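Peer 1: Handing you this structure, nothing more for now.
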Amino acid sequence: MKKKISKLQIFRTIVQIGFLIFYPGLFILTFSQLSNIYSMMLKGKFNFIQAFPTITAAATFLTLTLVLGRFFCGWLCTFGAINDFIYLISKKVFKTKFRVNPKLDSILKYVKYVVLIFIVTTIWTTGSHLFSSASPWNAFAEITQFPQVLSDYTIGFAILVLIIFGAFFIERFFCRYLCPLGAVFTILSKLRIFKINKPNDKCGNCRLCTNNCAMGISLYKTNKVSSGECINCLKCIETCPRSNTQAEILGEEVNPALASSFAIIAMTGVYSISNLAATPVNNVTTASTGNNSSISASSNTNIANSSDDTNSSNNANSSENNTNSSNTSNSNNSSANVDNTSTNSSAADTTNSSSSSTKNQYKDGTYIGTGTGFRGGTTKIQITIKNGKITNLQTISSQDTPQFYQGAISTISDEILSSQSTSVDTVSGATFSSRGILEAVQNALSKAK
Ligand code: SF4
Ligand code: SF4
């Protein structure tokens, strides 16, 4: 018998495809927003105005998840959608559904908390970029530049392949077992008021809802789905032949299509508004005094006056990747050192690649450079050099998605100013924006010679 596909699932698939096309980086953005807020607080550099767009978007996603549950996961997240699509293909190819033993499944679901704890305590806390090349999200975000992904994110790409392989056999493999953002959402959504109600006394023995649950929840055991694992895909509602599975808010039955539309509009709306709010923030940027020199911060409109904590930063490890989109003809790891503290001999200069000892290599003044950001957009940055040091970085314009750009510029400008070098890592989740910024700074420095 041919299985009927419900209107709600068609609607969900359309929404997923739409987000895949128009907001492909939403997952990475949301996760990097949490990372940004965390690292700002950790470094004691929390600046509310600068962080406002980030906080608004992150708080909205978290609050909506707290109240309504994981609509983000079931409907909006690109990574989740990819898992769904791969599994769909697998079902068509193998004509069967693979299942994991429920006991093993419930144990494996704890792995994502281990991943989350590891990322927070190791990567976020130390500010290490060592794992950037191991990030499957970075590899995924740049998959269109396949050869570069293979060289820059070799481990990340290998993990991505494993994730895709897993998604072939287990529905929502990544979401169930590995996603650190999913771990946060699982905890939060435990308290949601939007629930799936399924009175057992009216149930037959078909277990269709359980068999069709994307997250492997044993619905047959429960009267109400209170598990934080539920991603509100609503498949269980439409598979029940007795219409015994309903969506409800605070005990009142609600139309699931309406509830999901509301959640999607709310999340998309706030994301767009916070993007708009981030736009003016992009036009003013970070200033600093470089190291502990006597140069004062410049007088222009700096909202993120990140008086740097000199050498507490992690710039020592700044070598490994991704500054290779320089406007110059050099290949990988192009960098420009203003101060001579580094032993790094790389150079943005096309003519002089050997002069790393370069105090006063650059003339004092302000210089504007351009770089290529996300999807070929132009990033224009003004730098100020005083006593041979970069003392100020200011965005003149950027065509990148504001939130990605904001995440990149706030981190990268800090690192350039404190290390006095463009040999810094790109920001995970905002690689293209990072490259545009680094390229623009290198371009400006090349004019300061
Ligand atoms: S669990 Fe993670 S990857 Fe899966 S949908 Fe949620 S945020 Fe996206
Ligand atoms: S309980 Fe229902 S809504 Fe939740 S994940 Fe399972 S099938 Fe989807």
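Here, A, B, ... name the chains of the structure tokens in the order displayed, residue numbers run from 1 inside each chain, and ligands are numbered from 1 in the same displayed order.
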How would you write, as a PyMOL selection string, the set of residues no farther than 10 Å from ligand 2 when counting only C-alpha atoms and all ligand atoms?
Peer 2: chain A and resi 69-71+73-74+172+195-198+208-219+224-239+245-247+256
Peer 1: Residues of segment 107-229 of chain A classed as strand (DSSP E or B) by DSSP on the backbone are to be reported as a ChimeraX atom specification.
Peer 2: /A:194-197,224-225
Peer 1: Please write out the residues within 7 Å of ligand 1 as a list in words, counting only C-alpha atoms and all ligand atoms.
Peer 2: Phe27, Phe72, Cys73, Gly74, Cys77, Thr78, Phe79, Gly80, Arg172, Phe174, Cys175, Arg176, Cys179, Pro180, Leu181 and Gly182 of chain A
Peer 1: Output N, CA and C atoms for every residue in that selection, as an mmCIF file, in the first residue's frame.
Peer 2:
```cif
data_model
loop_
_atom_site.group_PDB
_atom_site.id
_atom_site.type_symbol
_atom_site.label_atom_id
_atom_site.label_comp_id
_atom_site.auth_asym_id
_atom_site.auth_seq_id
_atom_site.Cartn_x
_atom_site.Cartn_y
_atom_site.Cartn_z
ATOM 1 N N PHE A 27 22.645 27.002 11.962
ATOM 2 C CA PHE A 27 23.129 26.135 13.041
ATOM 3 C C PHE A 27 24.460 26.649 13.583
ATOM 4 N N PHE A 72 13.322 24.623 16.316
ATOM 5 C CA PHE A 72 14.555 24.940 15.587
ATOM 6 C C PHE A 72 15.130 23.658 14.973
ATOM 7 N N CYS A 73 15.194 22.614 15.791
ATOM 8 C CA CYS A 73 15.788 21.358 15.320
ATOM 9 C C CYS A 73 14.903 20.660 14.283
ATOM 10 N N GLY A 74 13.616 20.625 14.555
ATOM 11 C CA GLY A 74 12.720 19.884 13.673
ATOM 12 C C GLY A 74 12.463 20.573 12.342
ATOM 13 N N CYS A 77 16.912 23.875 11.311
ATOM 14 C CA CYS A 77 18.358 23.641 11.297
ATOM 15 C C CYS A 77 18.806 22.899 10.025
ATOM 16 N N THR A 78 19.791 23.470 9.385
ATOM 17 C CA THR A 78 20.298 22.873 8.145
ATOM 18 C C THR A 78 20.897 21.498 8.377
ATOM 19 N N PHE A 79 21.668 21.388 9.427
ATOM 20 C CA PHE A 79 22.316 20.109 9.720
ATOM 21 C C PHE A 79 21.263 19.028 9.974
ATOM 22 N N GLY A 80 20.216 19.407 10.711
ATOM 23 C CA GLY A 80 19.124 18.475 10.968
ATOM 24 C C GLY A 80 18.436 18.091 9.669
ATOM 25 N N ARG A 172 18.309 10.935 12.035
ATOM 26 C CA ARG A 172 18.822 12.034 12.861
ATOM 27 C C ARG A 172 20.025 11.598 13.701
ATOM 28 N N PHE A 174 23.174 12.507 13.833
ATOM 29 C CA PHE A 174 23.955 13.579 14.457
ATOM 30 C C PHE A 174 23.170 14.228 15.599
ATOM 31 N N CYS A 175 21.884 14.483 15.352
ATOM 32 C CA CYS A 175 21.068 15.154 16.367
ATOM 33 C C CYS A 175 20.914 14.284 17.624
ATOM 34 N N ARG A 176 20.718 13.006 17.415
ATOM 35 C CA ARG A 176 20.527 12.119 18.573
ATOM 36 C C ARG A 176 21.773 12.019 19.440
ATOM 37 N N CYS A 179 25.230 16.177 18.535
ATOM 38 C CA CYS A 179 25.135 17.636 18.403
ATOM 39 C C CYS A 179 25.213 18.362 19.755
ATOM 40 N N PRO A 180 26.203 19.221 19.934
ATOM 41 C CA PRO A 180 26.322 19.942 21.202
ATOM 42 C C PRO A 180 25.219 20.977 21.396
ATOM 43 N N LEU A 181 24.762 21.560 20.277
ATOM 44 C CA LEU A 181 23.660 22.516 20.391
ATOM 45 C C LEU A 181 22.375 21.771 20.746
ATOM 46 N N GLY A 182 22.239 20.592 20.151
ATOM 47 C CA GLY A 182 21.102 19.734 20.484
ATOM 48 C C GLY A 182 21.098 19.378 21.963
#
```
Peer 1: Go through segment 29-159 of chain A and collect every residue that DSSP, computed from the backbone, puts in helix (DSSP H, G or I); the answer should be as a ChimeraX atom specification.
Peer 2: /A:29-42,48-68,71-76,78-94,102-108,111-126,132-134,136-141,146-152,154-159
Peer 1: What's the 7 Å shell around segment 33-40 of chain A, counting only C-alpha atoms, without same-chain residues fewer than 2 positions away, as an NGL selection string?
Peer 2: :A and (29-31 or 42-46 or 54 or 58 or 124 or 407)
